[in-house]
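**Q** Enclosed is the structure file target-v2.tsv (TSV, C-alpha atoms).
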chain	number	residue	atom	x	y	z
A	1	MET	CA	-13.94	-20.10	-8.92
A	2	GLN	CA	-11.17	-19.79	-11.49
A	3	TYR	CA	-8.46	-17.19	-10.80
A	4	LEU	CA	-5.80	-15.77	-13.08
A	5	LEU	CA	-2.52	-15.37	-11.18
A	6	ILE	CA	-0.43	-12.38	-12.22
A	7	ASP	CA	2.80	-10.81	-10.99
A	8	THR	CA	3.29	-7.15	-10.08
A	9	HIS	CA	4.28	-6.38	-13.69
A	10	GLN	CA	0.87	-7.65	-14.89
A	11	ARG	CA	2.39	-10.81	-16.45
A	12	PRO	CA	0.24	-13.94	-16.25
A	13	LEU	CA	1.75	-16.72	-14.14
A	14	GLY	CA	-1.01	-19.30	-14.45
A	15	THR	CA	-4.48	-20.14	-13.26
A	16	MET	CA	-5.92	-21.67	-10.13
A	17	SER	CA	-9.31	-23.05	-9.10
A	18	SER	CA	-10.43	-22.48	-5.52
A	19	ASP	CA	-13.63	-22.07	-3.54
A	20	ARG	CA	-11.73	-19.89	-1.07
A	21	SER	CA	-12.23	-16.12	-0.88
A	22	PHE	CA	-8.91	-14.31	-0.90
A	23	ALA	CA	-7.81	-11.05	0.74
A	24	VAL	CA	-4.62	-9.03	0.50
A	25	GLY	CA	-2.01	-10.68	2.71
A	26	ASP	CA	-3.33	-14.23	2.26
A	27	THR	CA	-0.89	-16.91	1.20
A	28	LEU	CA	-1.38	-19.74	-1.25
A	29	GLN	CA	0.69	-22.70	-2.30
A	30	ASN	CA	1.04	-24.17	-5.78
A	31	HIS	CA	1.52	-27.80	-6.77
A	32	ASN	CA	5.33	-27.40	-6.45
A	33	ALA	CA	5.01	-26.32	-2.79
A	34	GLU	CA	5.99	-22.74	-3.66
A	35	VAL	CA	4.31	-20.15	-1.46
A	36	PHE	CA	2.90	-16.86	-2.76
A	37	THR	CA	1.38	-13.85	-1.00
A	38	VAL	CA	-1.63	-12.01	-2.42
A	39	VAL	CA	-0.85	-8.29	-2.84
A	40	GLY	CA	-3.76	-7.30	-5.06
A	41	LEU	CA	-7.32	-8.32	-5.90
A	42	ASN	CA	-8.73	-7.62	-9.32
A	43	TRP	CA	-12.45	-8.35	-9.41
A	44	PHE	CA	-14.50	-7.50	-12.47
A	45	LYS	CA	-18.24	-7.24	-11.83
A	46	GLN	CA	-19.20	-7.61	-15.48
A	47	ARG	CA	-17.18	-10.80	-16.02
A	48	THR	CA	-17.19	-13.19	-13.07
A	49	HIS	CA	-14.75	-15.54	-14.83
A	50	ALA	CA	-12.10	-12.79	-15.15
A	51	ASN	CA	-11.06	-12.49	-11.49
A	52	SER	CA	-7.33	-12.28	-10.89
A	53	LEU	CA	-4.93	-12.21	-7.97
A	54	THR	CA	-1.70	-10.24	-8.02
A	55	ILE	CA	0.86	-12.34	-6.17
A	56	ILE	CA	4.50	-12.21	-5.09
A	57	PRO	CA	6.74	-15.03	-3.91
A	58	GLY	CA	6.41	-15.41	-0.16
A	59	GLN	CA	7.51	-17.52	2.74
A	60	VAL	CA	5.51	-19.65	5.11
A	61	GLN	CA	5.44	-18.05	8.52
A	62	LEU	CA	6.09	-20.64	11.18
A	63	LYS	CA	4.58	-20.22	14.63
A	64	ALA	CA	7.17	-19.75	17.33
A	65	LYS	CA	7.19	-22.46	19.95
A	66	THR	CA	7.20	-21.10	23.48
A	67	VAL	CA	9.34	-22.85	26.03
Please express the file's structure as C-alpha coordinates.

**A**
Amino acid sequence: MQYLLIDTHQRPLGTMSSDRSFAVGDTLQNHNAEVFTVVGLNWFKQRTHANSLTIIPGQVQLKAKTV
(Lines of atoms letter the chains of each structure in order from A and count residues from 1; the text may use other names and numbers.)
(Lines give C-alpha, C1' and ligand atoms only; values in the text may rest on other atoms or scores of the structure.)
Protein backbone atom coordinates (compact mmCIF):
# COMPACT_ATOMS: atom_id res chain seq x y z
CA MET A 1 0.00 0.00 0.00
CA GLN A 2 1.21 3.51 -0.76
CA TYR A 3 1.21 6.00 2.15
CA LEU A 4 1.59 9.75 2.15
CA LEU A 5 3.76 10.86 5.08
CA ILE A 6 2.79 14.19 6.61
CA ASP A 7 3.98 16.21 9.60
CA THR A 8 1.76 17.61 12.36
CA HIS A 9 1.30 20.83 10.35
CA GLN A 10 -0.21 18.82 7.47
CA ARG A 11 2.87 19.34 5.25
CA PRO A 12 3.76 16.42 2.97
CA LEU A 13 7.12 14.83 3.76
CA GLY A 14 7.14 12.09 1.14
CA THR A 15 5.63 8.74 0.29
CA MET A 16 6.28 5.19 1.35
CA SER A 17 5.21 1.75 0.14
CA SER A 18 4.60 -0.93 2.75
CA ASP A 19 2.48 -4.03 3.25
CA ARG A 20 2.53 -3.36 6.99
CA SER A 21 -0.54 -2.10 8.87
CA PHE A 22 0.34 0.86 11.07
CA ALA A 23 -1.07 2.01 14.41
CA VAL A 24 -0.47 5.12 16.49
CA GLY A 25 2.82 4.68 18.35
CA ASP A 26 4.47 2.51 15.68
CA THR A 27 7.88 3.54 14.44
CA LEU A 28 9.25 3.46 10.92
CA GLN A 29 12.63 4.11 9.40
CA ASN A 30 13.40 5.83 6.10
CA HIS A 31 16.23 5.12 3.67
CA ASN A 32 18.51 7.55 5.59
CA ALA A 33 18.08 5.55 8.84
CA GLU A 34 15.97 8.34 10.37
CA VAL A 35 13.29 7.06 12.73
CA PHE A 36 9.75 8.44 12.88
CA THR A 37 6.81 7.74 15.18
CA VAL A 38 3.25 7.51 13.87
CA VAL A 39 0.97 9.95 15.74
CA GLY A 40 -2.03 9.90 13.42
CA LEU A 41 -3.77 7.67 10.89
CA ASN A 42 -5.74 9.22 8.07
CA TRP A 43 -7.70 6.55 6.20
CA PHE A 44 -10.15 7.52 3.49
CA LYS A 45 -12.72 4.84 2.68
CA GLN A 46 -13.65 6.32 -0.69
CA ARG A 47 -10.05 6.51 -1.96
CA THR A 48 -7.85 3.61 -0.91
CA HIS A 49 -4.79 5.20 -2.53
CA ALA A 50 -5.10 8.34 -0.35
CA ASN A 51 -4.06 6.87 3.02
CA SER A 52 -1.64 8.99 5.02
CA LEU A 53 0.35 8.74 8.23
CA THR A 54 1.04 11.74 10.44
CA ILE A 55 4.56 11.29 11.78
CA ILE A 56 7.04 13.01 14.07
CA PRO A 57 10.78 12.44 14.40
CA GLY A 58 11.42 9.73 16.97
CA GLN A 59 14.14 7.69 18.54
CA VAL A 60 14.74 3.98 18.51
CA GLN A 61 14.04 2.53 21.92
CA LEU A 62 16.78 0.14 22.89
CA LYS A 63 16.01 -2.78 25.17
CA ALA A 64 17.80 -2.58 28.49
CA LYS A 65 20.19 -5.42 29.13
CA THR A 66 19.76 -6.99 32.53
CA VAL A 67 22.85 -7.99 34.43

**Q** Leaving out region 7-10 of chain A and any residue of its chain fewer than 2 positions from it, which residues lie within 8 Å of it when counting all atoms listed in the file, given as a PyMOL selection string?

**A** chain A and resi 5+12-13+54-56

**Q** Skipping near chain neighbours, those fewer than 6 positions away, what residues fall within 8 Å of Asn42 (chain A) using all atoms listed in the file, listed as a PyMOL selection string?

**A** chain A and resi 51-54

**Q** Leaving out Gly14 (chain A) and any residue of its chain fewer than 5 positions from it, which residues lie within 9 Å of it when counting all atoms listed in the file, given as an MDAnalysis selection string?

**A** chainID A and resid 3:6

**Q** So how many Å separate CA of Met16 (chain A) and CA of Phe36 (chain A), to one decimal?

**A** 12.5 Å

**Q** One decimal, in Å: what's the spacing between CA of Arg11 (chain A) and CA of Ala23 (chain A)?

**A**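 Taking CA of Arg11 (chain A) and CA of Ala23 (chain A), their separation equals 20.0 Å.
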
**Q** As an exercise, work out the distance from CA of Ser17 (chain A) to CA of Val38 (chain A) in Å and give it to one decimal place.

**A**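 Value for the CA of Ser17 (chain A)-CA of Val38 (chain A) distance: 15.0 Å.
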
**Q** Which residues come within 8 Å of Thr37 (chain A), counting all atoms listed in the file, excluding same-chain residues fewer than 4 positions away, as a list of chain:residue names?

**A**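 That gives A:Val24, A:Gly25, A:Asp26, A:Thr27, A:Leu28, A:Ile55, A:Ile56, A:Pro57, A:Gly58.
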
**Q** Step by step: start from the point (-11.2, -24.2, -6.1) in the file's coordinates, keep every protein, DNA or RNA residue that has an atom no farther than 7 Å from it, count only C-alpha atoms, and write the set as a VMD selection string.

**A** chain A and resid 1 to 2 17 to 20
